[in-house]
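**Q** Got a structure for you, target-v9.pdb, holding PDB, C-alpha atoms.
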ATOM      1  CA  MET A   1     -25.716  -9.535   4.414
ATOM      2  CA  ALA A   2     -22.782 -10.727   2.300
ATOM      3  CA  GLU A   3     -19.577  -8.858   3.037
ATOM      4  CA  ARG A   4     -19.097  -8.023  -0.635
ATOM      5  CA  SER A   5     -22.221  -5.863  -0.674
ATOM      6  CA  TRP A   6     -21.382  -3.977   2.540
ATOM      7  CA  SER A   7     -19.550  -0.669   2.214
ATOM      8  CA  LEU A   8     -18.705   2.004   4.728
ATOM      9  CA  ALA A   9     -20.113   4.761   2.526
ATOM     10  CA  GLY A  10     -23.392   2.815   2.255
ATOM     11  CA  ALA A  11     -23.606   2.235   6.007
ATOM     12  CA  LEU A  12     -22.888   5.895   6.720
ATOM     13  CA  ARG A  13     -25.441   7.112   4.167
ATOM     14  CA  GLY A  14     -28.297   5.668   6.215
ATOM     15  CA  MET A  15     -26.823   6.977   9.446
ATOM     16  CA  PHE A  16     -26.362  10.532   8.204
ATOM     17  CA  ALA A  17     -29.833  10.626   6.622
ATOM     18  CA  LYS A  18     -31.388  10.712  10.098
ATOM     19  CA  ARG A  19     -32.747  13.956  11.507
ATOM     20  CA  THR A  20     -30.505  14.279  14.509
ATOM     21  CA  ILE A  21     -27.383  12.905  16.181
ATOM     22  CA  ASP A  22     -28.394  10.611  19.019
ATOM     23  CA  GLU A  23     -26.856   7.803  21.076
ATOM     24  CA  GLU A  24     -27.739   5.305  18.369
ATOM     25  CA  THR A  25     -25.768   7.378  15.856
ATOM     26  CA  TRP A  26     -22.600   6.953  17.916
ATOM     27  CA  ASP A  27     -23.133   3.200  18.344
ATOM     28  CA  ASP A  28     -23.785   2.776  14.623
ATOM     29  CA  LEU A  29     -20.755   4.882  13.707
ATOM     30  CA  GLU A  30     -18.451   2.850  15.951
ATOM     31  CA  ALA A  31     -19.813  -0.437  14.554
ATOM     32  CA  ALA A  32     -19.387   0.796  10.960
ATOM     33  CA  LEU A  33     -15.759   1.864  11.513
ATOM     34  CA  ILE A  34     -14.891  -1.468  13.135
ATOM     35  CA  THR A  35     -16.549  -3.375  10.272
ATOM     36  CA  ALA A  36     -14.552  -1.289   7.772
ATOM     37  CA  ASP A  37     -11.330  -2.482   9.462
ATOM     38  CA  PHE A  38     -10.216   0.742  11.139
ATOM     39  CA  GLY A  39      -9.244  -1.401  14.149
ATOM     40  CA  PRO A  40     -10.361  -0.818  17.768
ATOM     41  CA  SER A  41      -7.807   1.816  18.813
ATOM     42  CA  VAL A  42      -8.147   4.012  15.694
ATOM     43  CA  THR A  43     -11.953   3.704  15.854
ATOM     44  CA  GLU A  44     -11.987   4.772  19.496
ATOM     45  CA  ALA A  45      -9.697   7.734  18.807
ATOM     46  CA  ILE A  46     -11.828   8.930  15.871
ATOM     47  CA  VAL A  47     -15.121   8.592  17.775
ATOM     48  CA  ASP A  48     -13.665  10.459  20.801
ATOM     49  CA  GLU A  49     -12.410  13.253  18.548
ATOM     50  CA  LEU A  50     -15.815  13.550  16.845
ATOM     51  CA  HIS A  51     -17.617  13.633  20.213
ATOM     52  CA  GLN A  52     -15.431  16.594  21.202
ATOM     53  CA  LYS A  53     -16.062  18.430  17.913
ATOM     54  CA  VAL A  54     -19.828  17.881  18.077
ATOM     55  CA  ASP A  55     -19.857  19.240  21.647
ATOM     56  CA  ARG A  56     -17.644  22.185  20.735
ATOM     57  CA  TYR A  57     -19.830  23.253  17.804
ATOM     58  CA  ARG A  58     -23.048  22.324  19.626
ATOM     59  CA  THR A  59     -24.486  20.663  16.547
ATOM     60  CA  THR A  60     -27.125  17.948  16.302
ATOM     61  CA  ASP A  61     -27.052  17.773  12.489
ATOM     62  CA  PRO A  62     -25.791  14.446  11.084
ATOM     63  CA  ALA A  63     -24.546  16.307   7.964
ATOM     64  CA  ASP A  64     -22.073  18.159  10.217
ATOM     65  CA  LEU A  65     -20.939  14.849  11.700
ATOM     66  CA  GLN A  66     -20.375  13.443   8.217
ATOM     67  CA  ARG A  67     -18.215  16.430   7.239
ATOM     68  CA  MET A  68     -16.274  16.213  10.527
ATOM     69  CA  LEU A  69     -15.664  12.486   9.989
ATOM     70  CA  ARG A  70     -14.327  13.129   6.488
ATOM     71  CA  GLU A  71     -12.056  15.932   7.771
ATOM     72  CA  THR A  72     -10.829  13.836  10.720
ATOM     73  CA  ILE A  73      -9.903  10.902   8.475
ATOM     74  CA  GLU A  74      -8.195  13.202   5.976
ATOM     75  CA  GLU A  75      -6.232  14.991   8.723
ATOM     76  CA  ARG A  76      -4.962  11.648   9.978
ATOM     77  CA  LEU A  77      -4.090  10.409   6.488
ATOM     78  CA  VAL A  78      -2.084  13.521   5.534
ATOM     79  CA  ARG A  79       0.298  13.082   8.468
ATOM     80  CA  PHE A  80       2.065  10.622   6.155
ATOM     81  CA  ASP A  81       3.702  11.756   2.919
ATOM     82  CA  PRO A  82       2.621   9.523  -0.003
ATOM     83  CA  THR A  83       5.191  10.960  -2.435
ATOM     84  CA  LEU A  84       7.350   8.377  -4.208
ATOM     85  CA  ASN A  85      11.048   9.196  -3.973
ATOM     86  CA  LEU A  86      12.217   8.498  -7.533
ATOM     87  CA  THR A  87      14.570  11.389  -8.300
ATOM     88  CA  GLU A  88      17.825   9.364  -8.362
ATOM     89  CA  ARG A  89      19.045   8.054 -11.717
ATOM     90  CA  PRO A  90      18.664   5.206 -11.798
ATOM     91  CA  ALA A  91      16.020   5.156  -9.042
ATOM     92  CA  VAL A  92      16.137   1.653  -7.578
ATOM     93  CA  VAL A  93      12.970   0.265  -5.962
ATOM     94  CA  LEU A  94      12.936  -3.044  -4.070
ATOM     95  CA  VAL A  95       9.499  -4.657  -3.800
ATOM     96  CA  VAL A  96       8.993  -6.964  -0.824
ATOM     97  CA  GLY A  97       6.087  -8.882   0.686
ATOM     98  CA  VAL A  98       4.716 -12.257   1.680
ATOM     99  CA  ASN A  99       3.974 -14.669  -1.189
ATOM    100  CA  GLY A 100       0.361 -14.520  -2.335
ATOM    101  CA  VAL A 101      -0.272 -10.783  -1.915
ATOM    102  CA  GLY A 102       0.056 -10.085  -5.650
ATOM    103  CA  LYS A 103       3.618  -8.798  -5.529
ATOM    104  CA  THR A 104       4.539  -9.808  -9.092
ATOM    105  CA  THR A 105       1.382  -8.390 -10.674
ATOM    106  CA  THR A 106       1.831  -5.230  -8.599
ATOM    107  CA  ILE A 107       5.308  -4.768 -10.078
ATOM    108  CA  GLY A 108       3.816  -5.049 -13.580
ATOM    109  CA  LYS A 109       1.169  -2.462 -12.722
ATOM    110  CA  PHE A 110       3.770  -0.191 -11.115
ATOM    111  CA  ALA A 111       5.911  -0.408 -14.260
ATOM    112  CA  LYS A 112       2.860   0.565 -16.337
ATOM    113  CA  PHE A 113       2.097   3.458 -13.943
ATOM    114  CA  LEU A 114       5.651   4.770 -14.471
ATOM    115  CA  ARG A 115       5.549   4.207 -18.243
ATOM    116  CA  ASN A 116       2.415   6.393 -18.338
ATOM    117  CA  PHE A 117       4.709   9.231 -17.193
ATOM    118  CA  ASP A 118       7.180   8.333 -19.978
ATOM    119  CA  ARG A 119       9.741   6.930 -17.559
ATOM    120  CA  SER A 120      11.963   4.124 -18.854
ATOM    121  CA  VAL A 121      11.716   1.062 -16.595
ATOM    122  CA  VAL A 122      13.573  -2.220 -16.152
ATOM    123  CA  VAL A 123      12.374  -4.939 -13.800
ATOM    124  CA  GLY A 124      14.709  -7.466 -12.196
ATOM    125  CA  ALA A 125      13.405 -11.003 -11.618
ATOM    126  CA  ALA A 126      15.285 -11.638  -8.365
ATOM    127  CA  ASP A 127      12.618 -13.973  -6.985
ATOM    128  CA  THR A 128      14.651 -16.821  -8.470
ATOM    129  CA  PHE A 129      13.216 -19.463  -6.135
ATOM    130  CA  ARG A 130       9.957 -19.588  -8.080
ATOM    131  CA  ALA A 131      10.374 -20.223 -11.802
ATOM    132  CA  ALA A 132       6.727 -19.253 -12.293
ATOM    133  CA  ALA A 133       7.435 -15.831 -10.760
ATOM    134  CA  VAL A 134      10.045 -15.096 -13.438
ATOM    135  CA  GLU A 135       7.659 -16.043 -16.266
ATOM    136  CA  GLN A 136       4.785 -14.113 -14.715
ATOM    137  CA  LEU A 137       6.991 -11.040 -14.282
ATOM    138  CA  ALA A 138       8.153 -11.273 -17.899
ATOM    139  CA  THR A 139       4.515 -11.318 -19.085
ATOM    140  CA  TRP A 140       3.590  -8.270 -17.003
ATOM    141  CA  ALA A 141       6.766  -6.380 -17.994
ATOM    142  CA  GLY A 142       5.907  -6.976 -21.651
ATOM    143  CA  ARG A 143       2.370  -5.660 -21.140
ATOM    144  CA  ALA A 144       3.723  -2.598 -19.319
ATOM    145  CA  GLY A 145       6.313  -1.791 -21.965
ATOM    146  CA  ALA A 146       9.218  -2.351 -19.551
ATOM    147  CA  GLN A 147      12.474  -4.252 -20.010
ATOM    148  CA  ILE A 148      13.281  -7.294 -17.875
ATOM    149  CA  VAL A 149      16.517  -8.830 -16.592
ATOM    150  CA  ARG A 150      16.030 -12.549 -15.952
ATOM    151  CA  PRO A 151      18.213 -15.037 -14.071
ATOM    152  CA  GLN A 152      20.816 -16.504 -16.427
ATOM    153  CA  GLN A 153      20.513 -19.924 -14.852
ATOM    154  CA  GLU A 154      18.053 -21.737 -12.611
ATOM    155  CA  ARG A 155      18.177 -20.787  -8.916
ATOM    156  CA  GLN A 156      20.683 -18.015  -9.640
ATOM    157  CA  ASP A 157      21.667 -15.981  -6.587
ATOM    158  CA  PRO A 158      18.968 -13.256  -6.275
ATOM    159  CA  ALA A 159      21.549 -10.603  -5.364
ATOM    160  CA  SER A 160      23.442 -11.230  -8.602
ATOM    161  CA  VAL A 161      20.213 -10.767 -10.625
ATOM    162  CA  ALA A 162      19.612  -7.497  -8.771
ATOM    163  CA  PHE A 163      23.205  -6.440  -9.527
ATOM    164  CA  GLN A 164      22.780  -7.225 -13.243
ATOM    165  CA  THR A 165      19.501  -5.269 -13.350
ATOM    166  CA  VAL A 166      21.070  -2.112 -11.934
ATOM    167  CA  GLU A 167      24.072  -2.602 -14.218
ATOM    168  CA  TYR A 168      21.696  -2.828 -17.205
ATOM    169  CA  ALA A 169      19.973   0.416 -16.140
ATOM    170  CA  LYS A 170      23.289   2.249 -15.808
ATOM    171  CA  ASN A 171      24.565   0.985 -19.163
ATOM    172  CA  THR A 172      21.368   1.874 -21.038
ATOM    173  CA  GLY A 173      20.372   5.048 -19.183
ATOM    174  CA  THR A 174      17.151   3.427 -17.939
ATOM    175  CA  GLU A 175      15.568   5.731 -15.360
ATOM    176  CA  ILE A 176      13.863   3.356 -12.924
ATOM    177  CA  VAL A 177      14.736  -0.130 -11.683
ATOM    178  CA  ILE A 178      12.121  -2.306  -9.935
ATOM    179  CA  ILE A 179      13.440  -5.462  -8.290
ATOM    180  CA  ASP A 180      11.159  -8.375  -7.397
ATOM    181  CA  THR A 181      12.242 -10.283  -4.282
ATOM    182  CA  ALA A 182      11.214 -13.583  -2.734
ATOM    183  CA  GLY A 183       8.322 -13.711  -0.282
ATOM    184  CA  ARG A 184       9.679 -16.865   1.226
ATOM    185  CA  LEU A 185      12.730 -19.072   0.673
ATOM    186  CA  HIS A 186      13.008 -22.764  -0.026
ATOM    187  CA  THR A 187      16.463 -22.849   1.536
ATOM    188  CA  LYS A 188      17.702 -22.712   5.133
ATOM    189  CA  GLY A 189      18.982 -19.150   4.669
ATOM    190  CA  GLY A 190      16.877 -16.458   6.278
ATOM    191  CA  LEU A 191      14.680 -14.363   4.024
ATOM    192  CA  MET A 192      15.841 -11.143   5.682
ATOM    193  CA  ASP A 193      19.495 -12.165   5.228
ATOM    194  CA  GLU A 194      18.736 -12.590   1.527
ATOM    195  CA  LEU A 195      17.159  -9.136   1.351
ATOM    196  CA  SER A 196      20.077  -7.581   3.231
ATOM    197  CA  LYS A 197      22.458  -9.143   0.729
ATOM    198  CA  ILE A 198      20.438  -7.796  -2.221
ATOM    199  CA  LYS A 199      20.512  -4.322  -0.660
ATOM    200  CA  ARG A 200      24.266  -4.457  -0.022
ATOM    201  CA  VAL A 201      25.009  -5.573  -3.574
ATOM    202  CA  VAL A 202      22.708  -2.953  -5.139
ATOM    203  CA  GLU A 203      24.058  -0.134  -2.990
ATOM    204  CA  LYS A 204      27.566  -0.722  -4.346
ATOM    205  CA  GLN A 205      26.187   0.600  -7.650
ATOM    206  CA  ALA A 206      23.334   2.946  -6.762
ATOM    207  CA  PRO A 207      21.409   4.115  -3.690
ATOM    208  CA  ILE A 208      18.078   2.396  -3.035
ATOM    209  CA  ALA A 209      15.312   4.957  -3.531
ATOM    210  CA  GLU A 210      12.380   2.993  -2.071
ATOM    211  CA  VAL A 211      11.645  -0.341  -0.402
ATOM    212  CA  LEU A 212       7.943  -0.924  -0.999
ATOM    213  CA  LEU A 213       5.987  -3.515   0.989
ATOM    214  CA  VAL A 214       2.957  -4.986  -0.801
ATOM    215  CA  LEU A 215      -0.062  -5.763   1.409
ATOM    216  CA  ASP A 216      -3.375  -7.332   0.388
ATOM    217  CA  ALA A 217      -6.084  -5.030   1.807
ATOM    218  CA  THR A 218      -8.629  -7.862   1.978
ATOM    219  CA  THR A 219      -6.490  -9.723   4.548
ATOM    220  CA  GLY A 220      -6.391  -6.587   6.706
ATOM    221  CA  GLN A 221      -4.778  -6.893  10.115
ATOM    222  CA  ASN A 222      -3.825 -10.561   9.500
ATOM    223  CA  GLY A 223      -1.812  -9.620   6.440
ATOM    224  CA  LEU A 224      -0.063  -6.917   8.422
ATOM    225  CA  ALA A 225       0.936  -9.427  11.114
ATOM    226  CA  GLN A 226       2.393 -11.732   8.441
ATOM    227  CA  ALA A 227       4.422  -8.872   6.977
ATOM    228  CA  GLN A 228       5.790  -7.655  10.316
ATOM    229  CA  ALA A 229       9.247  -9.164   9.730
ATOM    230  CA  PHE A 230       9.647  -7.115   6.538
ATOM    231  CA  ILE A 231       8.739  -3.923   8.403
ATOM    232  CA  GLU A 232      11.218  -4.713  11.191
ATOM    233  CA  HIS A 233      14.156  -5.876   9.065
ATOM    234  CA  ALA A 234      13.818  -4.857   5.419
ATOM    235  CA  GLY A 235      14.054  -1.061   5.773
ATOM    236  CA  VAL A 236      10.599  -0.526   4.253
ATOM    237  CA  THR A 237       9.963   3.084   3.158
ATOM    238  CA  GLY A 238       6.373   2.817   1.933
ATOM    239  CA  LEU A 239       3.355   0.566   1.498
ATOM    240  CA  VAL A 240       1.423  -0.610  -1.556
ATOM    241  CA  LEU A 241      -2.140  -1.778  -0.886
ATOM    242  CA  THR A 242      -3.649  -4.178  -3.404
ATOM    243  CA  LYS A 243      -7.280  -5.331  -3.762
ATOM    244  CA  LEU A 244      -8.677  -2.171  -2.211
ATOM    245  CA  ASP A 245     -12.011  -2.709  -3.987
ATOM    246  CA  GLY A 246     -14.849  -0.687  -2.517
ATOM    247  CA  SER A 247     -14.760   0.663   1.014
ATOM    248  CA  ALA A 248     -15.551  -2.507   2.996
ATOM    249  CA  LYS A 249     -11.907  -2.648   4.129
ATOM    250  CA  GLY A 250     -11.142   1.026   3.559
ATOM    251  CA  GLY A 251     -10.389   1.713   7.213
ATOM    252  CA  PHE A 252      -7.340  -0.524   6.920
ATOM    253  CA  VAL A 253      -5.694   2.283   4.942
ATOM    254  CA  LEU A 254      -5.651   4.532   7.990
ATOM    255  CA  SER A 255      -4.992   1.869  10.614
ATOM    256  CA  VAL A 256      -2.049   0.367   8.694
ATOM    257  CA  GLN A 257      -0.344   3.783   8.438
ATOM    258  CA  GLU A 258      -0.877   4.496  12.123
ATOM    259  CA  ARG A 259       0.272   1.031  13.218
ATOM    260  CA  THR A 260       3.405   0.918  11.056
ATOM    261  CA  GLY A 261       4.317   4.606  10.875
ATOM    262  CA  LEU A 262       4.771   4.065   7.116
ATOM    263  CA  PRO A 263       3.025   5.986   4.317
ATOM    264  CA  ILE A 264       0.858   4.329   1.691
ATOM    265  CA  LYS A 265       2.386   5.287  -1.641
ATOM    266  CA  LEU A 266       0.345   3.259  -4.142
ATOM    267  CA  VAL A 267      -3.087   1.635  -4.163
ATOM    268  CA  GLY A 268      -4.481  -1.039  -6.469
ATOM    269  CA  GLN A 269      -8.232  -1.036  -6.895
ATOM    270  CA  GLY A 270      -8.781  -3.736  -9.508
ATOM    271  CA  GLU A 271      -7.297  -6.474 -11.679
ATOM    272  CA  GLY A 272      -6.335  -4.475 -14.775
ATOM    273  CA  ILE A 273      -2.822  -3.259 -15.589
ATOM    274  CA  GLY A 274      -3.919   0.382 -15.211
ATOM    275  CA  ASP A 275      -5.482  -0.117 -11.788
ATOM    276  CA  LEU A 276      -2.511   0.906  -9.633
ATOM    277  CA  THR A 277      -2.402   4.610  -8.806
ATOM    278  CA  GLY A 278      -0.728   7.032  -6.456
ATOM    279  CA  PHE A 279      -2.418   7.559  -3.095
ATOM    280  CA  THR A 280      -4.320  10.846  -2.585
ATOM    281  CA  PRO A 281      -5.618  11.247   1.004
ATOM    282  CA  HIS A 282      -8.229  13.904   0.131
ATOM    283  CA  VAL A 283      -9.802  11.825  -2.646
ATOM    284  CA  PHE A 284      -9.663   8.680  -0.550
ATOM    285  CA  ALA A 285     -11.389  10.261   2.477
ATOM    286  CA  GLN A 286     -14.097  11.596   0.137
ATOM    287  CA  GLN A 287     -14.691   8.133  -1.397
ATOM    288  CA  LEU A 288     -14.693   6.457   1.993
ATOM    289  CA  VAL A 289     -17.154   8.723   3.779
ATOM    290  CA  GLY A 290     -19.194  10.004   0.854
TER     291      GLY A 290
END
Would you mind writing the structure in this file as structure tokens?
**A**
Amino acid sequence: MAERSWSLAGALRGMFAKRTIDEETWDDLEAALITADFGPSVTEAIVDELHQKVDRYRTTDPADLQRMLRETIEERLVRFDPTLNLTERPAVVLVVGVNGVGKTTTIGKFAKFLRNFDRSVVVGAADTFRAAAVEQLATWAGRAGAQIVRPQQERQDPASVAFQTVEYAKNTGTEIVIIDTAGRLHTKGGLMDELSKIKRVVEKQAPIAEVLLVLDATTGQNGLAQAQAFIEHAGVTGLVLTKLDGSAKGGFVLSVQERTGLPIKLVGQGEGIGDLTGFTPHVFAQQLVG
């Protein structure tokens, strides 16, 4: 079966339609969670917990198991607070991530998300190593109804663009600043050194409210491994998951929070500008399990 057509909710539907919980149910459940990218350790922990609950309540009804699975996933998800910290004025958000995860489009969608709440937004094109990134960001900012601060010359120092963006926000009373950063550098300088410099320069003017790491949900655990340096060195405060279409990779949501200790704050579930939303554990667990 093609991976596109597989979904966790679909796999579970057949499993929970059976008359009773048997050994096959447990095998099928474990296989489904692994396929949905929960990862081995999270899958094992969930299955163990469900075994204990089923024994405690002495049930053989698959409908009870379905409800327990939904509750168990939700309980694990709510250990992390998905609230965006944007109370400062201006609230400065750095967006980091490996090239290719959709960082620039995510910033455009995030700007639109904030504009929907009538917040004024300026984006800073501090990924100055890719000329295309600046143009792409300008297009998305325009679509979102946000302002943009561009580099004033080619290959301008990213930290100076970040500085100018915060300065613009302070001078104009703009509420939220979103700064795009490079996913990789074409120079010898270390990427994390560059990010540290941007943070130092920004913090001379305003505290940094959030450092959001963008991850592509379809790359799952591989994408997380690639982004490990950002988690270790960039002071990440929250995660943004893009391309979370359907529930085939839905388990990654839980495993990435448990592996990083970081909350998911935003999820993107499509290509459109309105497709980035806040993360709601209850709704997500319901969609995932059915």
**Q** Do you know which residues are at most 8 Å from region 56-66 of chain A counting all atoms listed in the file, after dropping those on the same chain fewer than 5 positions away, and could you put them as a PyMOL selection string?
**A** chain A and resi 15-22+50+289
**Q** Between A:Val96, A:Pro207, A:Gly108, A:Asp118, which residue has the minimum interatomic distance to Ala138 (chain A), considering all atoms listed in the file?
**A**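 Closest candidate: A:Gly108.
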**Q** Between A:Ala144, A:Val93, A:Val54, A:Ala32, which has the minimum distance to Glu210 (chain A) (counting all atoms listed in the file)?
**A**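 Comparing A:Ala144, A:Val93, A:Val54, A:Ala32 against Glu210 (chain A), the winner is A:Val93.
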**Q** Running the PyMOL selection byres ((chain A and resi 273-279) around 8) on this model by hand, what would come out? Give it as a list in words.
**A**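 Listing what the PyMOL selection byres ((chain A and resi 273-279) around 8) selects in the shown file: Pro82, Thr106, Gly108, Lys109, Phe110, Lys112, Phe113, Arg143, Ala144, Ile264, Lys265, Leu266, Val267, Gly268, Gln269, Gly270, Glu271, Gly272, Thr280, Pro281 and Phe284 of chain A.
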**Q** Report, in Å to a single decimal, how far apart CA of Ala111 (chain A) and CA of Gly142 (chain A) are.
**A**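 It comes out at 9.9 Å.
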**Q** By how many Å are CA of Leu84 (chain A) and CA of His282 (chain A) apart?
**A**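 CA of His282 (chain A) lies at a distance of 17.1 Å from CA of Leu84 (chain A).
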**Q** Using Å and a single decimal, report how far CA of Glu194 (chain A) sits from CA of Glu258 (chain A).
**A**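 Between CA of Glu258 (chain A) and CA of Glu194 (chain A) the gap is 28.1 Å.
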**Q** So, counting all atoms listed in the file, which residue among A:Glu30, A:Asp81, A:Asp157, A:Glu88 is closest to Ala11 (chain A)?
**A**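 Looking only at the distances to Ala11 (chain A), the closest residue turns out to be A:Glu30.
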**Q** Around (15.2, 9.5, -10.2) in the file's frame, which residues reach within 10 Å when counting all atoms listed in the file? Return as a PyMOL selection string?
**A** chain A and resi 84-92+119+175-177+209
**Q** Name the closest residue to Leu239 (chain A) among the candidates A:Thr83, A:Gln286, A:Gln136, A:Thr105; distances are taken between atoms, counting all atoms listed in the file.
**A**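 Using all atoms listed in the file, Leu239 (chain A) sits closest to A:Thr83.
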**Q** Quick one: apply the PyMOL selection byres ((chain A and resi 235) around 10) to the file and drop the selected residues here as a PDB file with C-alpha atoms, in the frame of the given file.
**A**
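Done, and the output landed in expr_19.pdb:
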ATOM      1  CA  LEU A 195      17.159  -9.136   1.351  1.00  0.00           C
ATOM      2  CA  SER A 196      20.077  -7.581   3.231  1.00  0.00           C
ATOM      3  CA  LYS A 199      20.512  -4.322  -0.660  1.00  0.00           C
ATOM      4  CA  GLU A 210      12.380   2.993  -2.071  1.00  0.00           C
ATOM      5  CA  VAL A 211      11.645  -0.341  -0.402  1.00  0.00           C
ATOM      6  CA  LEU A 212       7.943  -0.924  -0.999  1.00  0.00           C
ATOM      7  CA  LEU A 213       5.987  -3.515   0.989  1.00  0.00           C
ATOM      8  CA  PHE A 230       9.647  -7.115   6.538  1.00  0.00           C
ATOM      9  CA  ILE A 231       8.739  -3.923   8.403  1.00  0.00           C
ATOM     10  CA  GLU A 232      11.218  -4.713  11.191  1.00  0.00           C
ATOM     11  CA  HIS A 233      14.156  -5.876   9.065  1.00  0.00           C
ATOM     12  CA  ALA A 234      13.818  -4.857   5.419  1.00  0.00           C
ATOM     13  CA  VAL A 236      10.599  -0.526   4.253  1.00  0.00           C
ATOM     14  CA  THR A 237       9.963   3.084   3.158  1.00  0.00           C
ATOM     15  CA  GLY A 238       6.373   2.817   1.933  1.00  0.00           C
TER      16      GLY A 238
END
**Q** Go through A:Ala225, A:Ala146, A:Ala162, A:Ile34 and flag the residue nearest Thr181 (chain A), using all atoms listed in the file for the distances.
**A**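 Residue with the minimum atom-to-atom distance to Thr181 (chain A): A:Ala162.
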**Q** When the PyMOL selection byres ((chain A and resi 123-134) around 7) is applied to the structure above, which residues does it catch, written out as a tab-separated table (two decimals) with C-alpha atoms, in the coordinates of the input?
**A**
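Saved result, result20.tsv, follows:
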chain	number	residue	atom	x	y	z
A	104	THR	CA	4.54	-9.81	-9.09
A	121	VAL	CA	11.72	1.06	-16.60
A	122	VAL	CA	13.57	-2.22	-16.15
A	135	GLU	CA	7.66	-16.04	-16.27
A	136	GLN	CA	4.78	-14.11	-14.72
A	137	LEU	CA	6.99	-11.04	-14.28
A	138	ALA	CA	8.15	-11.27	-17.90
A	147	GLN	CA	12.47	-4.25	-20.01
A	148	ILE	CA	13.28	-7.29	-17.88
A	149	VAL	CA	16.52	-8.83	-16.59
A	150	ARG	CA	16.03	-12.55	-15.95
A	151	PRO	CA	18.21	-15.04	-14.07
A	155	ARG	CA	18.18	-20.79	-8.92
A	156	GLN	CA	20.68	-18.02	-9.64
A	158	PRO	CA	18.97	-13.26	-6.28
A	161	VAL	CA	20.21	-10.77	-10.62
A	162	ALA	CA	19.61	-7.50	-8.77
A	165	THR	CA	19.50	-5.27	-13.35
A	177	VAL	CA	14.74	-0.13	-11.68
A	178	ILE	CA	12.12	-2.31	-9.94
A	179	ILE	CA	13.44	-5.46	-8.29
A	180	ASP	CA	11.16	-8.38	-7.40
A	181	THR	CA	12.24	-10.28	-4.28
A	182	ALA	CA	11.21	-13.58	-2.73
A	185	LEU	CA	12.73	-19.07	0.67
A	186	HIS	CA	13.01	-22.76	-0.03
**Q** Around all of region 132-147 of chain A's listed atoms, make the axis-aligned box with 4 Å on each side and tell me centre and edge lengths in Å to one decimal, as AutoDock Vina command-line options.
**A**
--center_x 7.4 --center_y -10.5 --center_z -16.4 --size_x 18.1 --size_y 25.5 --size_z 19.2
**Q** For Val240 (chain A), which residue out of A:Ala141, A:Ile107, A:Val201, A:Val283 is the nearest one, using all atoms listed in the file?
**A** A:Ile107
**Q** Please write as a list in words the list of polymer residues whose atoms come within 10 Å of (-16.2, 12.0, 18.1), counting all atoms listed in the file and keeping to the coordinates of the file.
**A** Trp26, Leu29, Glu30, Thr43, Glu44, Ala45, Ile46, Val47, Asp48, Glu49, Leu50, His51, Gln52, Lys53, Val54, Asp55, Leu65, Met68, Leu69 and Thr72 of chain A
**Q** Just to be explicit: take each residue in the selection above, keep C-alpha atoms, and write the result as a compact mmCIF listing (two decimals), in the frame of the given file.
**A**
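Writing the result to selection_20.txt gives the following:
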# COMPACT_ATOMS: atom_id res chain seq x y z
CA TRP A 26 -22.60 6.95 17.92
CA LEU A 29 -20.76 4.88 13.71
CA GLU A 30 -18.45 2.85 15.95
CA THR A 43 -11.95 3.70 15.85
CA GLU A 44 -11.99 4.77 19.50
CA ALA A 45 -9.70 7.73 18.81
CA ILE A 46 -11.83 8.93 15.87
CA VAL A 47 -15.12 8.59 17.77
CA ASP A 48 -13.66 10.46 20.80
CA GLU A 49 -12.41 13.25 18.55
CA LEU A 50 -15.82 13.55 16.84
CA HIS A 51 -17.62 13.63 20.21
CA GLN A 52 -15.43 16.59 21.20
CA LYS A 53 -16.06 18.43 17.91
CA VAL A 54 -19.83 17.88 18.08
CA ASP A 55 -19.86 19.24 21.65
CA LEU A 65 -20.94 14.85 11.70
CA MET A 68 -16.27 16.21 10.53
CA LEU A 69 -15.66 12.49 9.99
CA THR A 72 -10.83 13.84 10.72
**Q** Place N, CA and C atoms on region 237-245 of chain A and deliver the coordinates as a JSON list (two decimals), in the coordinates of the input.
**A**
[["chain", "number", "residue", "atom", "x", "y", "z"],
["A", 237, "THR", "N", 10.17, 1.63, 3.19],
["A", 237, "THR", "CA", 9.96, 3.08, 3.16],
["A", 237, "THR", "C", 8.53, 3.47, 2.83],
["A", 238, "GLY", "N", 7.75, 2.50, 2.31],
["A", 238, "GLY", "CA", 6.37, 2.82, 1.93],
["A", 238, "GLY", "C", 5.58, 1.55, 1.69],
["A", 239, "LEU", "N", 4.26, 1.70, 1.66],
["A", 239, "LEU", "CA", 3.36, 0.57, 1.50],
["A", 239, "LEU", "C", 2.60, 0.66, 0.17],
["A", 240, "VAL", "N", 2.30, -0.51, -0.39],
["A", 240, "VAL", "CA", 1.42, -0.61, -1.56],
["A", 240, "VAL", "C", 0.25, -1.49, -1.13],
["A", 241, "LEU", "N", -0.96, -0.98, -1.24],
["A", 241, "LEU", "CA", -2.14, -1.78, -0.89],
["A", 241, "LEU", "C", -2.82, -2.27, -2.14],
["A", 242, "THR", "N", -2.95, -3.60, -2.26],
["A", 242, "THR", "CA", -3.65, -4.18, -3.40],
["A", 242, "THR", "C", -5.06, -4.59, -2.99],
["A", 243, "LYS", "N", -5.90, -4.83, -3.97],
["A", 243, "LYS", "CA", -7.28, -5.33, -3.76],
["A", 243, "LYS", "C", -8.10, -4.43, -2.84],
["A", 244, "LEU", "N", -7.92, -3.14, -3.02],
["A", 244, "LEU", "CA", -8.68, -2.17, -2.21],
["A", 244, "LEU", "C", -9.98, -1.85, -2.95],
["A", 245, "ASP", "N", -10.77, -2.89, -3.23],
["A", 245, "ASP", "CA", -12.01, -2.71, -3.99],
["A", 245, "ASP", "C", -13.13, -2.28, -3.04]]
